[in-house]
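Source file: work-v6.pdb. Holds: PDB, N, CA and C atoms.
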```
ATOM      1  N   MET H   1      61.886  -0.930 -15.540
ATOM      2  CA  MET H   1      61.340  -0.371 -14.320
ATOM      3  C   MET H   1      59.932   0.175 -14.596
ATOM      4  N   ALA H   2      59.027  -0.065 -13.688
ATOM      5  CA  ALA H   2      57.639   0.372 -13.865
ATOM      6  C   ALA H   2      57.520   1.879 -13.695
ATOM      7  N   ARG H   3      56.581   2.458 -14.427
ATOM      8  CA  ARG H   3      56.341   3.898 -14.314
ATOM      9  C   ARG H   3      55.572   4.195 -13.039
ATOM     10  N   LYS H   4      55.822   5.380 -12.486
ATOM     11  CA  LYS H   4      55.116   5.796 -11.279
ATOM     12  C   LYS H   4      54.000   6.763 -11.641
ATOM     13  N   THR H   5      52.927   6.705 -10.880
ATOM     14  CA  THR H   5      51.817   7.635 -11.063
ATOM     15  C   THR H   5      52.146   8.936 -10.354
ATOM     16  N   ASN H   6      51.856  10.048 -11.006
ATOM     17  CA  ASN H   6      52.042  11.355 -10.383
ATOM     18  C   ASN H   6      50.910  11.558  -9.381
ATOM     19  N   LYS H   7      51.207  11.409  -8.094
ATOM     20  CA  LYS H   7      50.174  11.413  -7.058
ATOM     21  C   LYS H   7      49.555  12.791  -6.863
ATOM     22  N   SER H   8      50.316  13.862  -7.057
ATOM     23  CA  SER H   8      49.752  15.201  -6.872
ATOM     24  C   SER H   8      48.654  15.480  -7.892
ATOM     25  N   VAL H   9      48.790  14.921  -9.095
ATOM     26  CA  VAL H   9      47.761  15.092 -10.123
ATOM     27  C   VAL H   9      46.609  14.122  -9.881
ATOM     28  N   SER H  10      46.920  12.895  -9.514
ATOM     29  CA  SER H  10      45.872  11.887  -9.357
ATOM     30  C   SER H  10      44.925  12.215  -8.209
ATOM     31  N   LYS H  11      45.392  12.924  -7.179
ATOM     32  CA  LYS H  11      44.532  13.281  -6.050
ATOM     33  C   LYS H  11      43.571  14.411  -6.396
ATOM     34  N   ARG H  12      43.874  15.181  -7.412
ATOM     35  CA  ARG H  12      43.033  16.319  -7.790
ATOM     36  C   ARG H  12      41.974  15.961  -8.823
ATOM     37  N   ILE H  13      42.037  14.769  -9.392
ATOM     38  CA  ILE H  13      41.155  14.383 -10.494
ATOM     39  C   ILE H  13      40.301  13.191 -10.082
ATOM     40  N   LYS H  14      39.042  13.230 -10.495
ATOM     41  CA  LYS H  14      38.123  12.119 -10.261
ATOM     42  C   LYS H  14      37.590  11.689 -11.620
ATOM     43  N   VAL H  15      37.463  10.402 -11.837
ATOM     44  CA  VAL H  15      36.906   9.891 -13.089
ATOM     45  C   VAL H  15      35.471   9.456 -12.817
ATOM     46  N   SER H  16      34.537   9.987 -13.599
ATOM     47  CA  SER H  16      33.119   9.675 -13.409
ATOM     48  C   SER H  16      32.807   8.286 -13.956
ATOM     49  N   ALA H  17      31.582   7.839 -13.723
ATOM     50  CA  ALA H  17      31.165   6.512 -14.186
ATOM     51  C   ALA H  17      31.163   6.421 -15.705
ATOM     52  N   SER H  18      30.910   7.552 -16.378
ATOM     53  CA  SER H  18      30.895   7.542 -17.842
ATOM     54  C   SER H  18      32.286   7.745 -18.442
ATOM     55  N   GLY H  19      33.305   7.954 -17.591
ATOM     56  CA  GLY H  19      34.673   8.083 -18.073
ATOM     57  C   GLY H  19      35.182   9.501 -18.179
ATOM     58  N   LYS H  20      34.355  10.494 -17.814
ATOM     59  CA  LYS H  20      34.809  11.884 -17.865
ATOM     60  C   LYS H  20      35.738  12.165 -16.692
ATOM     61  N   MET H  21      36.750  12.998 -16.940
ATOM     62  CA  MET H  21      37.651  13.410 -15.872
ATOM     63  C   MET H  21      37.129  14.717 -15.293
ATOM     64  N   LEU H  22      36.995  14.753 -13.964
ATOM     65  CA  LEU H  22      36.439  15.916 -13.287
ATOM     66  C   LEU H  22      37.451  16.472 -12.297
ATOM     67  N   TYR H  23      37.392  17.777 -12.066
ATOM     68  CA  TYR H  23      38.255  18.407 -11.077
ATOM     69  C   TYR H  23      37.469  19.496 -10.361
ATOM     70  N   ARG H  24      37.955  19.887  -9.208
ATOM     71  CA  ARG H  24      37.350  20.970  -8.444
ATOM     72  C   ARG H  24      38.320  22.144  -8.452
ATOM     73  N   LYS H  25      37.797  23.335  -8.632
ATOM     74  CA  LYS H  25      38.652  24.512  -8.697
ATOM     75  C   LYS H  25      39.352  24.728  -7.354
ATOM     76  N   PRO H  26      40.642  25.078  -7.372
ATOM     77  CA  PRO H  26      41.380  25.237  -6.120
ATOM     78  C   PRO H  26      41.080  26.567  -5.437
ATOM     79  N   GLY H  27      41.480  26.663  -4.184
ATOM     80  CA  GLY H  27      41.410  27.930  -3.470
ATOM     81  C   GLY H  27      40.229  28.081  -2.545
ATOM     82  N   PHE H  28      39.480  27.005  -2.271
ATOM     83  CA  PHE H  28      38.297  27.140  -1.421
ATOM     84  C   PHE H  28      38.369  26.229  -0.199
ATOM     85  N   GLY H  29      39.566  25.805   0.184
ATOM     86  CA  GLY H  29      39.699  24.927   1.342
ATOM     87  C   GLY H  29      39.497  25.634   2.661
ATOM     88  N   HIS H  30      39.946  26.872   2.749
ATOM     89  CA  HIS H  30      39.816  27.653   3.980
ATOM     90  C   HIS H  30      39.911  29.129   3.626
ATOM     91  N   PHE H  31      39.935  29.997   4.631
ATOM     92  CA  PHE H  31      39.964  31.465   4.467
ATOM     93  C   PHE H  31      38.726  31.973   3.734
ATOM     94  N   ARG H  32      37.574  31.426   4.071
ATOM     95  CA  ARG H  32      36.345  31.862   3.395
ATOM     96  C   ARG H  32      35.917  33.264   3.806
ATOM     97  N   ARG H  33      36.375  33.721   4.969
ATOM     98  CA  ARG H  33      35.994  35.056   5.438
ATOM     99  C   ARG H  33      36.498  36.145   4.503
ATOM    100  N   ASN H  34      37.632  35.901   3.868
ATOM    101  CA  ASN H  34      38.244  36.904   2.991
ATOM    102  C   ASN H  34      37.682  36.870   1.577
ATOM    103  N   LYS H  35      36.818  35.915   1.285
ATOM    104  CA  LYS H  35      36.299  35.778  -0.074
ATOM    105  C   LYS H  35      34.934  36.460  -0.201
ATOM    106  N   SER H  36      34.631  36.898  -1.413
ATOM    107  CA  SER H  36      33.353  37.563  -1.667
ATOM    108  C   SER H  36      32.224  36.529  -1.686
ATOM    109  N   THR H  37      30.999  37.024  -1.598
ATOM    110  CA  THR H  37      29.832  36.136  -1.643
ATOM    111  C   THR H  37      29.777  35.390  -2.966
ATOM    112  N   LYS H  38      30.150  36.056  -4.035
ATOM    113  CA  LYS H  38      30.142  35.424  -5.357
ATOM    114  C   LYS H  38      31.131  34.257  -5.409
ATOM    115  N   GLN H  39      32.310  34.437  -4.820
ATOM    116  CA  GLN H  39      33.303  33.368  -4.808
ATOM    117  C   GLN H  39      32.828  32.181  -3.975
ATOM    118  N   LYS H  40      32.210  32.470  -2.834
ATOM    119  CA  LYS H  40      31.729  31.397  -1.967
ATOM    120  C   LYS H  40      30.580  30.631  -2.620
ATOM    121  N   ARG H  41      29.731  31.317  -3.347
ATOM    122  CA  ARG H  41      28.633  30.667  -4.056
ATOM    123  C   ARG H  41      29.187  29.766  -5.167
ATOM    124  N   ALA H  42      30.213  30.237  -5.858
ATOM    125  CA  ALA H  42      30.833  29.446  -6.927
ATOM    126  C   ALA H  42      31.532  28.209  -6.365
ATOM    127  N   ALA H  43      32.005  28.290  -5.129
ATOM    128  CA  ALA H  43      32.701  27.158  -4.519
ATOM    129  C   ALA H  43      31.759  26.003  -4.228
ATOM    130  N   ARG H  44      30.466  26.278  -4.120
ATOM    131  CA  ARG H  44      29.490  25.230  -3.816
ATOM    132  C   ARG H  44      29.120  24.404  -5.042
ATOM    133  N   THR H  45      29.538  24.822  -6.214
ATOM    134  CA  THR H  45      29.197  24.081  -7.426
ATOM    135  C   THR H  45      29.947  22.753  -7.460
ATOM    136  N   LYS H  46      29.442  21.846  -8.248
ATOM    137  CA  LYS H  46      30.029  20.513  -8.327
ATOM    138  C   LYS H  46      31.340  20.545  -9.112
ATOM    139  N   ASP H  47      31.874  19.357  -9.356
ATOM    140  CA  ASP H  47      33.126  19.239 -10.087
ATOM    141  C   ASP H  47      32.935  19.648 -11.544
ATOM    142  N   PHE H  48      34.001  20.161 -12.143
ATOM    143  CA  PHE H  48      33.972  20.637 -13.520
ATOM    144  C   PHE H  48      34.637  19.612 -14.432
ATOM    145  N   PRO H  49      34.094  19.384 -15.631
ATOM    146  CA  PRO H  49      34.732  18.449 -16.560
ATOM    147  C   PRO H  49      35.992  19.053 -17.173
ATOM    148  N   ILE H  50      36.926  18.196 -17.523
ATOM    149  CA  ILE H  50      38.182  18.617 -18.141
ATOM    150  C   ILE H  50      38.033  18.479 -19.647
ATOM    151  N   SER H  51      38.511  19.478 -20.393
ATOM    152  CA  SER H  51      38.400  19.450 -21.849
ATOM    153  C   SER H  51      39.252  18.316 -22.424
ATOM    154  N   ASN H  52      38.905  17.881 -23.630
ATOM    155  CA  ASN H  52      39.584  16.736 -24.241
ATOM    156  C   ASN H  52      41.059  17.003 -24.505
ATOM    157  N   GLY H  53      41.412  18.215 -24.941
ATOM    158  CA  GLY H  53      42.809  18.523 -25.213
ATOM    159  C   GLY H  53      43.658  18.471 -23.962
ATOM    160  N   PHE H  54      43.136  19.039 -22.884
ATOM    161  CA  PHE H  54      43.877  19.045 -21.624
ATOM    162  C   PHE H  54      43.881  17.659 -20.987
ATOM    163  N   ARG H  55      42.858  16.886 -21.290
ATOM    164  CA  ARG H  55      42.753  15.532 -20.756
ATOM    165  C   ARG H  55      43.921  14.664 -21.226
ATOM    166  N   LEU H  56      44.286  14.786 -22.493
ATOM    167  CA  LEU H  56      45.407  14.006 -23.028
ATOM    168  C   LEU H  56      46.712  14.374 -22.341
ATOM    169  N   ARG H  57      46.904  15.667 -22.080
ATOM    170  CA  ARG H  57      48.119  16.107 -21.385
ATOM    171  C   ARG H  57      48.154  15.581 -19.956
ATOM    172  N   LEU H  58      47.004  15.536 -19.295
ATOM    173  CA  LEU H  58      46.953  15.024 -17.929
ATOM    174  C   LEU H  58      47.268  13.538 -17.877
ATOM    175  N   ILE H  59      46.773  12.789 -18.834
ATOM    176  CA  ILE H  59      47.043  11.350 -18.860
ATOM    177  C   ILE H  59      48.540  11.100 -19.025
ATOM    178  N   GLN H  60      49.195  11.893 -19.872
ATOM    179  CA  GLN H  60      50.639  11.759 -20.040
ATOM    180  C   GLN H  60      51.376  12.103 -18.751
ATOM    181  N   THR H  61      50.893  13.125 -18.026
ATOM    182  CA  THR H  61      51.522  13.521 -16.772
ATOM    183  C   THR H  61      51.333  12.452 -15.705
ATOM    184  N   LEU H  62      50.170  11.825 -15.685
ATOM    185  CA  LEU H  62      49.883  10.822 -14.664
ATOM    186  C   LEU H  62      50.810   9.622 -14.743
ATOM    187  N   VAL H  63      51.187   9.219 -15.936
ATOM    188  CA  VAL H  63      51.980   7.994 -16.076
ATOM    189  C   VAL H  63      53.416   8.256 -16.513
ATOM    190  N   SER H  64      53.908   9.443 -16.286
ATOM    191  CA  SER H  64      55.303   9.708 -16.682
ATOM    192  C   SER H  64      56.260   9.382 -15.565
TER     193      SER H  64
END
```

Here is a file; write its structure as structure tokens.
Amino acid sequence: MARKTNKSVSKRIKVSASGKMLYRKPGFGHFRRNKSTKQKRAARTKDFPISNGFRLRLIQTLVS
């Protein structure tokens, strides 16, 4: 039987053209009124790269 991709993880991760795995920090989809200016400014930053150690664990989770 073929393995299934973990869709909840795959939707949160983007792979760049150079092969880096990127993610966006959670918690900024809505309710911005309750957040501080510092938090809202941080939410505007681009995607963050995933470290190599955690990357291996994510790959195992994706194809389990």

Review point. So, counting only C-alpha atoms, which residue among H:Lys38, H:Thr61, H:Gly29, H:Pro49 is closest to H:Lys14?
Key: H:Pro49

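Considering the residues H:Ser18, H:Thr5, H:Lys11, H:Tyr23 and counting all atoms listed in the file, H:Asp47 has its shortest atom-to-atom contact with H:Tyr23.
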
Exercise for review: Taking the chain letters and numbering used in this document, name the residues of chain H that DSSP puts in strand (DSSP E), as number ranges by chain.
Suggested key: H: 13-15, 21-23, 48-49

Review point. Just asking: which residues within chain H are alpha helix (DSSP H) according to DSSP, as a VMD selection string?
Key: chain H and resid 7 to 10 37 to 43 52 to 62

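Interatomic distance, atom N of H:Val9 against atom C of H:Phe31: 23.6 Å.
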
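Across the model, the gap from atom C of H:Asn6 to atom CA of H:His30 is 23.7 Å.
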